[in-house]
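See below for protein.cif, which holds mmCIF, C-alpha atoms and all ligand atoms.
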```cif
data_final
#
loop_
_atom_site.label_atom_id
_atom_site.label_comp_id
_atom_site.auth_asym_id
_atom_site.auth_seq_id
_atom_site.Cartn_x
_atom_site.Cartn_y
_atom_site.Cartn_z
CA MET A 935 5.26 -16.53 39.68
CA PRO A 936 5.17 -13.97 36.87
CA PRO A 937 2.69 -14.76 34.09
CA PRO A 938 4.12 -16.34 30.92
CA ASP A 939 5.42 -13.94 28.26
CA ASN A 940 2.95 -12.62 25.71
CA LYS A 941 3.48 -10.60 22.53
CA PHE A 942 3.48 -7.33 24.51
CA VAL A 943 6.34 -8.55 26.68
CA ALA A 944 8.26 -9.35 23.52
CA LYS A 945 7.46 -5.90 22.12
CA ALA A 946 8.45 -4.16 25.38
CA LYS A 947 11.82 -5.92 25.38
CA ALA A 948 12.29 -5.11 21.69
CA ILE A 949 11.64 -1.40 22.39
CA LEU A 950 14.25 -1.32 25.15
CA GLU A 951 16.73 -3.07 22.89
CA ALA A 952 15.99 -0.77 19.93
CA ASN A 953 16.38 2.32 22.11
CA ASP A 954 19.74 1.05 23.42
CA ARG A 955 22.70 3.25 22.48
CA ASN A 956 25.75 1.37 23.66
CA GLY A 957 24.70 0.80 27.24
CA TYR A 958 22.24 3.62 27.83
CA THR A 959 18.68 3.91 26.58
CA VAL A 960 17.11 6.92 24.88
CA PRO A 961 13.52 7.60 26.00
CA THR A 962 12.42 7.49 22.36
CA HIS A 963 13.98 7.92 18.95
CA ARG A 964 14.42 11.57 17.73
CA LEU A 965 12.17 13.43 20.25
CA TYR A 966 14.54 12.57 23.13
CA PRO A 967 17.84 11.33 21.63
CA PHE A 968 20.04 11.32 24.79
CA GLN A 969 20.12 9.70 28.23
CA TRP A 970 17.53 11.10 30.62
CA ASN A 971 17.99 10.63 34.34
CA TRP A 972 14.75 9.26 35.79
CA ASP A 973 13.85 7.55 32.52
CA SER A 974 17.05 5.51 32.85
CA ALA A 975 16.21 4.51 36.41
CA PHE A 976 12.82 3.16 35.32
CA VAL A 977 14.44 1.52 32.31
CA ALA A 978 17.02 -0.21 34.52
CA MET A 979 14.18 -1.80 36.49
CA GLY A 980 12.66 -2.94 33.20
CA PHE A 981 15.93 -4.48 32.04
CA ALA A 982 16.33 -6.15 35.44
CA GLN A 983 13.35 -8.32 34.51
CA PHE A 984 15.37 -10.07 31.79
CA ASP A 985 18.97 -8.78 31.56
CA VAL A 986 20.52 -7.79 34.88
CA ASP A 987 23.91 -7.00 33.38
CA ARG A 988 22.31 -4.48 31.01
CA ALA A 989 20.30 -3.05 33.92
CA PHE A 990 23.49 -2.28 35.86
CA ARG A 991 25.03 -0.84 32.71
CA GLU A 992 22.18 1.67 32.35
CA LEU A 993 22.90 3.04 35.82
CA GLU A 994 26.66 3.00 35.30
CA ARG A 995 26.33 5.05 32.13
CA LEU A 996 24.14 7.62 33.88
CA VAL A 997 26.76 8.03 36.60
CA GLU A 998 29.29 9.03 33.92
CA GLY A 999 27.44 12.34 33.94
CA GLN A 1000 27.64 12.89 37.72
CA TRP A 1001 29.13 16.23 38.72
CA ALA A 1002 31.94 16.63 41.27
CA ASP A 1003 29.45 18.07 43.78
CA GLY A 1004 27.27 14.93 43.53
CA MET A 1005 24.49 16.20 41.26
CA ILE A 1006 23.36 13.75 38.58
CA PRO A 1007 22.06 15.86 35.70
CA HIS A 1008 18.74 15.39 34.01
CA ILE A 1009 20.31 14.79 30.57
CA VAL A 1010 23.66 13.21 29.71
CA PHE A 1011 24.63 14.06 26.12
CA HIS A 1012 26.91 11.05 25.50
CA ASP A 1013 26.69 11.22 21.73
CA LEU A 1014 25.82 14.36 19.84
CA SER A 1015 25.10 12.73 16.51
CA GLY A 1016 21.32 13.13 17.00
CA ALA A 1017 21.65 16.58 18.52
CA ASP A 1018 19.91 18.44 15.71
CA SER A 1019 16.58 16.84 16.66
CA TYR A 1020 16.59 18.18 20.26
CA TYR A 1021 16.55 21.60 21.89
CA PRO A 1022 18.08 22.77 24.23
CA GLY A 1023 21.39 21.05 23.51
CA PRO A 1024 24.79 21.42 25.26
CA ALA A 1025 25.50 24.90 23.86
CA VAL A 1026 22.41 26.31 25.59
CA TRP A 1027 23.23 24.64 28.91
CA GLY A 1028 26.83 25.83 28.91
CA THR A 1029 27.98 23.41 31.60
CA SER A 1030 31.57 22.27 31.87
CA HIS A 1031 31.38 18.58 32.82
CA THR A 1032 33.67 16.30 30.78
CA VAL A 1033 30.71 14.45 29.27
CA ALA A 1034 28.31 17.18 28.14
CA THR A 1035 25.27 17.37 30.41
CA SER A 1036 22.37 19.64 31.26
CA GLY A 1037 22.74 21.75 34.41
CA ILE A 1038 19.61 20.73 36.31
CA THR A 1039 18.53 17.43 37.83
CA GLN A 1040 15.49 15.11 37.93
CA PRO A 1041 13.65 12.96 40.50
CA PRO A 1042 16.10 10.58 42.21
CA VAL A 1043 14.58 7.24 41.22
CA PHE A 1044 18.15 5.97 40.76
CA ALA A 1045 18.63 4.43 44.23
CA ILE A 1046 15.19 2.79 44.07
CA ALA A 1047 16.19 1.25 40.76
CA LEU A 1048 19.57 0.21 42.15
CA ARG A 1049 17.80 -1.68 44.92
CA ALA A 1050 15.63 -3.52 42.38
CA VAL A 1051 18.56 -4.28 40.08
CA HIS A 1052 20.74 -5.43 42.97
CA ASP A 1053 18.03 -7.70 44.33
CA ALA A 1054 17.47 -9.30 40.91
CA ALA A 1055 21.23 -9.86 40.57
CA ALA A 1056 21.62 -11.13 44.14
CA ALA A 1057 19.07 -13.87 43.50
CA VAL A 1058 21.71 -15.39 41.20
CA ASP A 1059 25.03 -14.35 42.80
CA SER A 1060 24.96 -12.24 45.91
CA ALA A 1061 28.70 -11.44 46.10
CA ALA A 1062 28.83 -10.34 42.45
CA ALA A 1063 25.68 -8.26 42.93
CA ASN A 1064 27.21 -6.47 45.93
CA ALA A 1065 30.48 -5.81 44.11
CA ARG A 1066 28.73 -4.23 41.16
CA THR A 1067 26.33 -2.29 43.38
CA LEU A 1068 28.88 -0.70 45.70
CA PRO A 1069 30.21 2.07 43.40
CA LEU A 1070 26.66 2.85 42.32
CA TYR A 1071 25.55 3.00 45.95
CA GLU A 1072 28.32 5.52 46.56
CA ALA A 1073 27.25 7.62 43.58
CA ALA A 1074 23.63 7.53 44.75
CA LEU A 1075 24.59 8.48 48.30
CA LYS A 1076 26.65 11.40 47.02
CA TRP A 1077 23.67 12.59 45.02
CA GLN A 1078 21.39 12.13 48.05
CA ARG A 1079 23.69 14.39 50.08
CA TRP A 1080 23.75 16.91 47.20
CA TRP A 1081 19.97 17.14 47.32
CA TYR A 1082 19.99 18.06 50.99
CA ALA A 1083 22.96 20.45 50.74
CA ALA A 1084 21.97 22.23 47.53
CA ARG A 1085 18.19 22.05 47.62
CA ASP A 1086 17.37 22.20 51.32
CA PRO A 1087 20.02 24.52 52.74
CA GLU A 1088 17.67 25.53 55.56
CA ASN A 1089 17.15 21.90 56.66
CA THR A 1090 13.37 21.87 56.33
CA GLY A 1091 13.27 18.24 55.17
CA LEU A 1092 11.64 19.13 51.83
CA VAL A 1093 13.83 19.58 48.76
CA ALA A 1094 13.25 22.36 46.26
CA LEU A 1095 13.22 22.47 42.47
CA LEU A 1096 14.62 25.48 40.63
CA HIS A 1097 13.23 24.56 37.20
CA PRO A 1098 9.94 22.84 36.20
CA TRP A 1099 11.94 20.29 34.17
CA GLU A 1100 13.50 19.07 37.41
CA SER A 1101 10.11 17.71 38.46
CA GLY A 1102 9.86 15.43 35.44
CA SER A 1103 6.25 16.69 35.28
CA ASP A 1104 7.51 19.57 33.23
CA ASN A 1105 4.38 21.34 32.12
CA SER A 1106 2.23 20.63 35.17
CA PRO A 1107 -0.31 23.30 36.22
CA ALA A 1108 1.39 23.05 39.63
CA TRP A 1109 4.01 25.44 38.24
CA ASP A 1110 1.66 27.98 36.62
CA ILE A 1111 1.65 30.60 39.39
CA ALA A 1112 5.39 30.40 40.08
CA LEU A 1113 6.30 30.25 36.40
CA ALA A 1114 4.22 33.33 35.60
CA ARG A 1115 6.76 35.34 37.61
CA VAL A 1116 9.59 34.23 35.32
CA PRO A 1117 10.26 36.62 32.42
CA THR A 1118 9.78 35.38 28.85
CA THR A 1119 12.95 37.15 27.70
CA THR A 1120 15.95 35.10 26.60
CA ILE A 1121 19.46 36.09 25.55
CA LYS A 1122 19.53 33.70 22.58
CA PRO A 1123 16.42 32.87 20.53
CA VAL A 1124 14.40 29.82 21.53
CA VAL A 1125 14.53 27.22 18.75
CA ARG A 1126 12.00 24.55 19.64
CA LYS A 1127 12.40 21.12 18.04
CA ASP A 1128 9.80 19.17 20.03
CA THR A 1129 6.91 20.38 17.87
CA ASN A 1130 8.66 18.98 14.77
CA HIS A 1131 8.03 15.51 16.23
CA VAL A 1132 4.78 15.85 18.17
CA ALA A 1133 1.60 17.92 17.66
CA ALA A 1134 1.87 21.37 19.26
CA ALA A 1135 -1.48 20.76 21.02
CA MET A 1136 0.21 18.07 23.11
CA ARG A 1137 3.19 20.21 24.10
CA PRO A 1138 3.85 23.32 26.26
CA HIS A 1139 3.01 26.76 24.86
CA ASP A 1140 5.81 28.95 23.39
CA GLN A 1141 5.54 31.34 26.32
CA ASP A 1142 6.29 28.52 28.75
CA TYR A 1143 9.27 27.44 26.66
CA ALA A 1144 10.63 30.98 26.77
CA ARG A 1145 10.38 30.89 30.57
CA PHE A 1146 12.05 27.47 30.72
CA ILE A 1147 14.98 28.84 28.73
CA HIS A 1148 15.08 32.09 30.71
CA LEU A 1149 15.68 29.96 33.81
CA VAL A 1150 18.42 27.94 32.09
CA GLU A 1151 20.20 31.15 31.06
CA THR A 1152 19.82 32.61 34.56
CA TYR A 1153 21.54 29.63 36.14
CA ALA A 1154 24.20 29.35 33.42
CA ASP A 1155 24.96 32.99 34.17
CA VAL A 1156 25.93 32.13 37.76
CA GLY A 1157 28.12 29.27 36.56
CA TRP A 1158 25.69 26.60 37.75
CA ASP A 1159 26.90 27.17 41.30
CA PRO A 1160 24.26 25.72 43.67
CA ALA A 1161 24.50 28.49 46.29
CA ARG A 1162 24.33 31.27 43.71
CA GLN A 1163 21.43 29.56 41.97
CA TRP A 1164 19.59 29.27 45.26
CA ALA A 1165 20.11 32.97 45.91
CA THR A 1166 19.04 34.06 42.44
CA ALA A 1167 16.27 31.56 41.56
CA PRO A 1168 13.00 33.19 40.51
CA PHE A 1169 11.39 29.73 40.60
CA LYS A 1170 11.77 27.75 43.82
CA ILE A 1171 9.29 25.07 44.84
CA ALA A 1172 9.65 22.72 47.82
CA GLU A 1173 8.17 19.80 45.92
CA ILE A 1174 6.40 16.75 47.26
CA GLN A 1175 6.75 14.29 44.37
CA THR A 1176 10.53 14.73 44.29
CA THR A 1177 10.78 14.73 48.08
CA ALA A 1178 8.75 11.51 48.29
CA ILE A 1179 11.00 9.84 45.72
CA LEU A 1180 14.05 11.14 47.63
CA LEU A 1181 12.72 9.64 50.85
CA LYS A 1182 12.07 6.26 49.22
CA ALA A 1183 15.59 6.45 47.76
CA GLY A 1184 16.84 7.28 51.27
CA GLU A 1185 15.13 4.19 52.66
CA ASP A 1186 16.68 2.00 49.97
CA LEU A 1187 20.10 3.55 50.56
CA ALA A 1188 19.75 2.98 54.32
CA ARG A 1189 19.16 -0.72 53.63
CA PHE A 1190 22.29 -0.83 51.47
CA ALA A 1191 24.26 0.98 54.19
CA ALA A 1192 23.18 -1.66 56.69
CA ASP A 1193 23.95 -4.53 54.27
CA PHE A 1194 27.39 -3.09 53.47
CA GLY A 1195 28.26 -2.39 57.12
CA ARG A 1196 28.46 1.38 56.57
CA ALA A 1197 27.37 2.46 60.03
CA SER A 1198 28.07 6.14 59.66
CA ASP A 1199 26.21 6.35 56.31
CA ALA A 1200 23.33 4.49 57.93
CA ALA A 1201 23.17 6.98 60.80
CA ASP A 1202 23.25 9.97 58.43
CA LEU A 1203 20.54 8.48 56.26
CA ALA A 1204 18.34 7.64 59.23
CA ALA A 1205 18.48 11.26 60.40
CA LEU A 1206 17.79 12.70 56.94
CA ASN A 1207 14.96 10.25 56.33
CA ALA A 1208 13.33 11.04 59.68
CA ARG A 1209 13.45 14.78 59.02
CA THR A 1210 11.98 14.37 55.56
CA ARG A 1211 9.31 11.95 56.71
CA ALA A 1212 8.03 14.48 59.25
CA ALA A 1213 8.18 17.36 56.76
CA LEU A 1214 6.33 15.42 54.10
CA LEU A 1215 3.59 14.34 56.52
CA ALA A 1216 3.08 18.01 57.43
CA GLN A 1217 2.17 18.74 53.79
CA TRP A 1218 -1.08 16.70 54.03
CA ARG A 1219 -4.15 18.88 53.54
CA PRO A 1220 -7.29 17.12 54.83
CA ALA A 1221 -9.59 19.55 53.01
CA LEU A 1222 -8.05 18.53 49.68
CA ASN A 1223 -7.40 14.84 50.45
CA ARG A 1224 -3.95 15.40 49.01
CA PHE A 1225 -0.44 16.53 49.92
CA VAL A 1226 0.74 19.92 48.60
CA SER A 1227 4.04 21.47 47.58
CA ARG A 1228 5.15 24.93 48.79
CA ASP A 1229 6.16 27.90 46.69
CA LEU A 1230 9.27 29.17 48.49
CA VAL A 1231 9.14 32.57 46.78
CA SER A 1232 5.57 33.42 47.88
CA GLY A 1233 5.38 31.06 50.86
CA ALA A 1234 2.00 29.77 49.59
CA ASP A 1235 0.79 26.19 49.23
CA VAL A 1236 0.74 24.94 45.65
CA ASP A 1237 -2.80 23.66 45.66
CA ALA A 1238 -3.36 22.92 41.95
CA SER A 1239 -5.01 19.51 41.78
CA THR A 1240 -2.27 17.36 40.25
CA HIS A 1241 -1.22 13.74 40.67
CA ALA A 1242 1.86 14.82 42.67
CA GLY A 1243 -0.44 15.19 45.69
CA PHE A 1244 -0.69 11.41 45.91
CA VAL A 1245 2.93 10.41 45.27
CA PRO A 1246 3.98 10.67 48.97
CA VAL A 1247 2.18 7.34 49.43
CA LEU A 1248 5.36 5.85 47.92
CA ALA A 1249 7.49 6.70 50.93
CA LEU A 1250 5.15 7.11 53.91
CA ASP A 1251 3.29 4.68 56.13
CA LEU A 1252 0.07 6.63 56.39
CA ASP A 1253 -2.52 6.47 59.14
CA ALA A 1254 -5.43 4.40 57.88
CA PRO A 1255 -7.95 7.30 57.66
CA VAL A 1256 -5.45 9.42 55.66
CA ALA A 1257 -4.72 6.55 53.27
CA ARG A 1258 -8.47 5.88 52.86
CA ALA A 1259 -9.22 9.54 52.10
CA MET A 1260 -6.41 9.68 49.58
CA VAL A 1261 -7.48 6.49 47.84
CA ALA A 1262 -11.09 7.72 47.65
CA GLU A 1263 -9.87 10.92 46.00
CA MET A 1264 -7.73 9.01 43.51
CA ALA A 1265 -10.67 6.72 42.74
CA ARG A 1266 -12.83 9.80 42.08
CA TRP A 1267 -10.27 11.21 39.61
CA SER A 1268 -9.87 7.93 37.75
CA ALA A 1269 -13.56 6.91 37.68
CA GLY A 1270 -14.63 6.33 34.08
CA LYS A 1271 -11.12 7.17 32.81
CA LEU A 1272 -8.74 4.90 30.96
CA GLY A 1273 -5.14 3.99 31.77
CA GLY A 1274 -5.02 4.80 35.50
CA LEU A 1275 -4.63 8.08 37.38
CA PRO A 1276 -4.85 11.30 35.32
CA THR A 1277 -2.17 13.89 36.09
CA THR A 1278 -4.77 16.59 36.83
CA GLU A 1279 -8.28 16.41 38.24
CA PRO A 1280 -10.74 15.74 35.41
CA GLY A 1281 -13.41 18.35 34.79
CA THR A 1282 -11.53 21.24 36.42
CA PRO A 1283 -10.37 24.31 34.46
CA ILE A 1284 -6.77 23.00 34.37
CA TRP A 1285 -7.79 19.67 32.81
CA GLU A 1286 -6.32 19.08 29.31
CA PRO A 1287 -6.41 15.34 28.57
CA LYS A 1288 -3.88 15.42 25.73
CA ARG A 1289 -1.44 18.11 26.79
CA TYR A 1290 1.80 17.06 28.34
CA TRP A 1291 1.48 16.68 32.16
CA ARG A 1292 -1.81 18.60 32.27
CA GLY A 1293 -4.20 15.66 32.36
CA PRO A 1294 -2.86 12.58 30.55
CA VAL A 1295 -1.88 9.35 32.27
CA TRP A 1296 1.77 8.27 32.55
CA ALA A 1297 2.55 4.59 33.14
CA VAL A 1298 5.52 5.42 35.37
CA ILE A 1299 3.40 7.57 37.68
CA ASN A 1300 0.90 4.72 38.01
CA TRP A 1301 3.85 2.45 38.80
CA LEU A 1302 5.08 4.66 41.68
CA LEU A 1303 1.54 4.85 43.03
CA VAL A 1304 1.03 1.08 42.75
CA ASP A 1305 4.15 0.52 44.88
CA GLY A 1306 3.00 3.09 47.45
CA LEU A 1307 -0.55 1.76 47.62
CA ARG A 1308 0.74 -1.75 48.26
CA ARG A 1309 2.98 -0.44 50.99
CA ASN A 1310 -0.08 1.17 52.57
CA ALA A 1311 -2.24 -1.95 52.34
CA HIS A 1312 -4.42 -0.71 49.51
CA ALA A 1313 -3.73 -3.66 47.23
CA VAL A 1314 -7.18 -3.56 45.62
CA PHE A 1315 -6.86 -0.02 44.28
CA ALA A 1316 -3.20 -0.71 43.45
CA ASP A 1317 -4.33 -3.60 41.32
CA GLN A 1318 -6.94 -1.46 39.56
CA LEU A 1319 -4.25 1.03 38.57
CA ARG A 1320 -1.96 -1.74 37.51
CA GLU A 1321 -4.61 -3.47 35.39
CA ALA A 1322 -5.68 -0.17 33.84
CA THR A 1323 -2.08 0.56 32.81
CA LEU A 1324 -1.59 -2.85 31.21
CA ALA A 1325 -4.99 -2.71 29.51
CA VAL A 1326 -4.52 0.68 27.87
CA ILE A 1327 -1.15 -0.43 26.47
CA GLU A 1328 -2.57 -3.71 25.19
CA THR A 1329 -5.79 -2.33 23.69
CA THR A 1330 -5.48 1.25 22.46
CA ALA A 1331 -2.28 3.12 23.23
CA GLY A 1332 0.59 0.73 22.64
CA PHE A 1333 3.87 1.82 24.21
CA ALA A 1334 3.26 5.54 23.72
CA GLU A 1335 4.89 8.20 25.92
CA TYR A 1336 1.55 8.83 27.68
CA PHE A 1337 -2.20 8.24 27.28
CA ASP A 1338 -5.34 10.34 26.86
CA PRO A 1339 -7.57 9.21 29.77
CA ASP A 1340 -10.78 10.00 27.87
CA THR A 1341 -10.03 7.98 24.74
CA GLY A 1342 -7.16 5.69 25.70
CA GLU A 1343 -5.23 7.06 22.73
CA GLY A 1344 -1.43 6.96 22.84
CA CYS A 1345 0.13 10.46 22.76
CA GLY A 1346 3.60 12.03 22.52
CA GLY A 1347 6.53 9.89 21.40
CA GLU A 1348 6.12 6.30 20.22
CA ASP A 1349 7.89 3.11 21.31
CA PHE A 1350 8.74 4.79 24.57
CA SER A 1351 11.30 3.18 26.87
CA TRP A 1352 9.73 3.92 30.23
CA THR A 1353 6.32 2.72 29.09
CA ALA A 1354 7.97 -0.54 28.01
CA ALA A 1355 9.76 -0.81 31.38
CA ALA A 1356 6.53 -0.08 33.27
CA TYR A 1357 4.74 -2.79 31.31
CA LEU A 1358 7.41 -5.39 32.14
CA CYS A 1359 7.48 -4.52 35.83
CA LEU A 1360 3.75 -4.03 36.39
CA ARG A 1361 2.94 -7.25 34.58
CA ASP A 1362 4.91 -9.17 37.16
CA ALA A 1363 2.18 -9.27 39.81
CA ASP A 1364 4.63 -10.26 42.54
CA ARG A 1365 6.68 -7.12 42.17
CA GLY A 1366 6.51 -4.62 45.02
CA ASP A 1367 4.21 -6.39 47.48
CA GLY A 1368 6.94 -8.49 49.01
CA SER A 1369 5.22 -11.78 48.15
C1 LIG A 1401 10.04 15.21 29.23
O1 LIG A 1401 10.95 16.26 29.48
C2 LIG A 1401 11.87 16.82 28.52
C3 LIG A 1401 12.77 17.78 29.25
O2 LIG A 1401 13.49 17.13 30.22
C4 LIG A 1401 11.28 17.58 27.38
O3 LIG A 1401 10.10 17.81 27.32
O4 LIG A 1401 12.07 17.99 26.53
C5 LIG A 1401 9.37 14.84 30.59
O5 LIG A 1401 8.26 14.01 30.40
C6 LIG A 1401 10.40 14.20 31.50
O6 LIG A 1401 9.81 13.73 32.67
C7 LIG A 1401 11.11 13.04 30.80
O7 LIG A 1401 12.16 12.61 31.61
C8 LIG A 1401 11.65 13.45 29.42
C9 LIG A 1401 12.16 12.25 28.63
O8 LIG A 1401 11.20 11.21 28.61
O9 LIG A 1401 10.63 14.08 28.65
#
```
Written as structure tokens, that's how I'd like the structure from this file.
Amino acid sequence: MPPPDNKFVAKAKAILEANDRNGYTVPTHRLYPFQWNWDSAFVAMGFAQFDVDRAFRELERLVEGQWADGMIPHIVFHDLSGADSYYPGPAVWGTSHTVATSGITQPPVFAIALRAVHDAAAAVDSAAANARTLPLYEAALKWQRWWYAARDPENTGLVALLHPWESGSDNSPAWDIALARVPTTTIKPVVRKDTNHVAAAMRPHDQDYARFIHLVETYADVGWDPARQWATAPFKIAEIQTTAILLKAGEDLARFAADFGRASDAADLAALNARTRAALLAQWRPALNRFVSRDLVSGADVDASTHAGFVPVLALDLDAPVARAMVAEMARWSAGKLGGLPTTEPGTPIWEPKRYWRGPVWAVINWLLVDGLRRNAHAVFADQLREATLAVIETTAGFAEYFDPDTGEGCGGEDFSWTAAAYLCLRDADRGDGS
């Protein structure tokens, strides 16, 4: 039984409702005034706690941006009325989809969310839940196949990112070495808007922004064609957080395929999932007690100590000694910190507790880890992360975009949709452990 509603539940629901823009949810007012891909997936799970119809709607609106080749872009620009508060807008992306979109993608949480939304709906009316799920299942499966075709053309089992923004952990030190190879030159001037809303000390440096935009222009120049991008990409990382999320999505899609009697989809998914499972397991590094990504340009491991090294727990059933080593490492990083797991290892040279993805805690990352830890029978540490997330929201940070692990202060945008969704889902203690 979920605990009774408190004032934070009411506030979380009010944030989701206030950030609603006719069926999709902006991450936060002004700083991010459009529909973001993985934000919407988390938000759909939040809505599923109290309004299943609206939860489906969130996913349906995201699919309006899906490209013919299956890619679901990282931003869908449904309504340009708030466009002056965000950069880069549609003109910089130069894509040609009917609804304006960006040209890159984001972690595929969509199918995981679809599973949660479907299951909440099926508890009331299973036939109606299946009918509404089916077209979304097909969209998710098409995107799943796009990932393998476009981002793992050599069939390694790991999918690659061609832009740091595709990771969702945009400014992570994991990208520093690879990003340093990207020129800071751009065809059009970079006109940042983010620092009008949030302190520059919390955001990426100008040099990084120039590189982000250089990549956008490079891919726009080859017409956003996946094969030409693959051939030309100066930034190419076979990435473990995204691959882990893709594998969990693949598991959820395989369950749908079985439920819907789609035998050939089920067989395809089983083969893809098996290949990815093996590839992901091979990225475990016992000396680091973490998994690592691979830089496909240099061939080197990406060994920066970031939270992504733990996210494979979401989709793997780890041997007990591996899971224990990983949990001990996570406990070491979060000891004495507030809000859960920091996104970089505290006390190391890369540690910046307030700067965007270079140290702060994100509620949605804790949420993915909580689910994975429960799967791997580490319910005690899962519960610590869960409690820490709820506590920082209730005591110091509110529903901020992210939290400073040293002070518990809320940073970035305010009244943030995915923080609200994380609160609603993590507060329901029964969620994720199958009980
Ligand atoms: C942040 O990313 C956007 C670019 O996509 C930005 O900085 O402009 C990231 O935290 C990303 O993970 C998130 O989806 C997005 C909206 O919340 O903001």
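Closest to Pro1220 of chain A among A:Val1116, A:Val1026, A:Leu1324, A:Ala1257 is A:Ala1257, based on all atoms listed in the file.
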Counting only C-alpha atoms and all ligand atoms, give me one row per residue of chain A with an atom at most 10 Å from an atom of ligand LIG 1401 (chain A), showing the shortest contact pair and its distance in Å to one decimal, sorted by chain then residue number, as a Markdown table.
```
| residue | atom | partner | partner_atom | distance |
| --- | --- | --- | --- | --- |
| A:Val960 | CA | A:LIG1401 | C9 | 8.2 |
| A:Pro961 | CA | A:LIG1401 | O8 | 5.0 |
| A:Thr962 | CA | A:LIG1401 | O8 | 7.4 |
| A:Leu965 | CA | A:LIG1401 | O4 | 7.8 |
| A:Tyr966 | CA | A:LIG1401 | C9 | 6.0 |
| A:Pro967 | CA | A:LIG1401 | C9 | 9.1 |
| A:Phe968 | CA | A:LIG1401 | C9 | 8.8 |
| A:Gln969 | CA | A:LIG1401 | C9 | 8.4 |
| A:Trp970 | CA | A:LIG1401 | O7 | 5.7 |
| A:Asn971 | CA | A:LIG1401 | O7 | 6.7 |
| A:Trp972 | CA | A:LIG1401 | O7 | 6.0 |
| A:Asp973 | CA | A:LIG1401 | O7 | 5.4 |
| A:Ser974 | CA | A:LIG1401 | O7 | 8.7 |
| A:His1008 | CA | A:LIG1401 | O2 | 6.7 |
| A:Ile1009 | CA | A:LIG1401 | O2 | 7.2 |
| A:Tyr1020 | CA | A:LIG1401 | O4 | 7.7 |
| A:Tyr1021 | CA | A:LIG1401 | O4 | 7.4 |
| A:Pro1022 | CA | A:LIG1401 | O4 | 8.0 |
| A:Ser1036 | CA | A:LIG1401 | O2 | 9.3 |
| A:Ile1038 | CA | A:LIG1401 | O2 | 9.4 |
| A:Thr1039 | CA | A:LIG1401 | O2 | 9.1 |
| A:Gln1040 | CA | A:LIG1401 | O7 | 7.6 |
| A:Pro1041 | CA | A:LIG1401 | O6 | 8.8 |
| A:Pro1098 | CA | A:LIG1401 | O2 | 9.0 |
| A:Trp1099 | CA | A:LIG1401 | O2 | 5.3 |
| A:Glu1100 | CA | A:LIG1401 | O2 | 7.4 |
| A:Ser1101 | CA | A:LIG1401 | O6 | 7.0 |
| A:Gly1102 | CA | A:LIG1401 | O6 | 3.3 |
| A:Ser1103 | CA | A:LIG1401 | O6 | 5.3 |
| A:Asp1104 | CA | A:LIG1401 | C5 | 5.7 |
| A:Asn1105 | CA | A:LIG1401 | O3 | 8.3 |
| A:Arg1126 | CA | A:LIG1401 | O4 | 9.5 |
| A:Lys1127 | CA | A:LIG1401 | O4 | 9.1 |
| A:Asp1128 | CA | A:LIG1401 | O4 | 7.0 |
| A:Arg1137 | CA | A:LIG1401 | O3 | 8.0 |
| A:Pro1138 | CA | A:LIG1401 | O3 | 8.4 |
| A:Tyr1143 | CA | A:LIG1401 | O3 | 9.7 |
| A:Phe1146 | CA | A:LIG1401 | C3 | 9.8 |
| A:Tyr1290 | CA | A:LIG1401 | O5 | 7.4 |
| A:Trp1291 | CA | A:LIG1401 | O5 | 7.5 |
| A:Trp1296 | CA | A:LIG1401 | O5 | 8.9 |
| A:Val1298 | CA | A:LIG1401 | O6 | 9.7 |
| A:Glu1335 | CA | A:LIG1401 | O8 | 7.5 |
| A:Tyr1336 | CA | A:LIG1401 | O5 | 8.9 |
| A:Gly1346 | CA | A:LIG1401 | O5 | 9.4 |
| A:Gly1347 | CA | A:LIG1401 | O8 | 8.7 |
| A:Phe1350 | CA | A:LIG1401 | O8 | 8.0 |
| A:Ser1351 | CA | A:LIG1401 | O8 | 8.2 |
| A:Trp1352 | CA | A:LIG1401 | O8 | 7.6 |
| A:Thr1353 | CA | A:LIG1401 | O8 | 9.8 |
```
Have a look at A:Ala1311, A:Ala1017, A:Ala1161, A:Val1124 and name the one nearest to Asp1251 of chain A; count only C-alpha atoms. A:Ala1311
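Proximity to His1097 of chain A was assessed for A:Phe1044, A:Ala1056, A:Trp1164, A:Met1136 counting all atoms listed in the file; the smallest distance is recorded for A:Trp1164.
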Which polymer residues have any atom within 9 Å of an atom of segment 1069-1076 of chain A, counting all atoms listed in the file, with same-chain residues fewer than 4 positions away left out, as a ChimeraX atom specification? /A:990,993-994,997,1000,1003-1006,1042,1044-1045,1048,1065,1080-1081,1183-1184,1187,1190-1191,1199,1203
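Using all atoms listed in the file for every distance, the candidate list A:Asn1089, A:Ser1019, A:Thr1277, A:Thr1177 yields A:Ser1019 as the residue closest to Asn1130 of chain A.
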Which residue gives the smallest distance to Arg1189 of chain A among A:Ile1046, A:Val1295, A:Met979, A:Ala1313, with only C-alpha atoms counted? A:Ile1046
If I put a ball of radius 9 Å at (14.6, 12.3, 54.8) in the file's coordinates, which residues poke into it when counting all atoms listed in the file, written as a ChimeraX atom specification? /A:1082,1091-1092,1177-1178,1180-1182,1184-1185,1203-1214
Min atom-atom distance to Met1260 of chain A from the set A:Gly1306, A:Leu1358, A:Gly1023, A:Leu1096, counting all atoms listed in the file, belongs to A:Gly1306
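Atom to atom, atom CA of Thr1323 of chain A and atom CA of Tyr1357 of chain A stand 7.7 Å apart.
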Surrounding residues of Val1236 of chain A excluding itself and chain neighbours under 3 positions, 9 Å, all atoms listed in the file, as a short mmCIF file (atom, residue, chain, number, x, y, z; two decimals) with C-alpha atoms, keeping the file's coordinate frame:
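out.cif, written as the output of this step:
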```cif
data_model
loop_
_atom_site.label_atom_id
_atom_site.label_comp_id
_atom_site.auth_asym_id
_atom_site.auth_seq_id
_atom_site.Cartn_x
_atom_site.Cartn_y
_atom_site.Cartn_z
CA ALA A 1108 1.39 23.05 39.63
CA TRP A 1109 4.01 25.44 38.24
CA ILE A 1111 1.65 30.60 39.39
CA ILE A 1171 9.29 25.07 44.84
CA VAL A 1226 0.74 19.92 48.60
CA SER A 1227 4.04 21.47 47.58
CA ARG A 1228 5.15 24.93 48.79
CA ASP A 1229 6.16 27.90 46.69
CA SER A 1239 -5.01 19.51 41.78
#
```
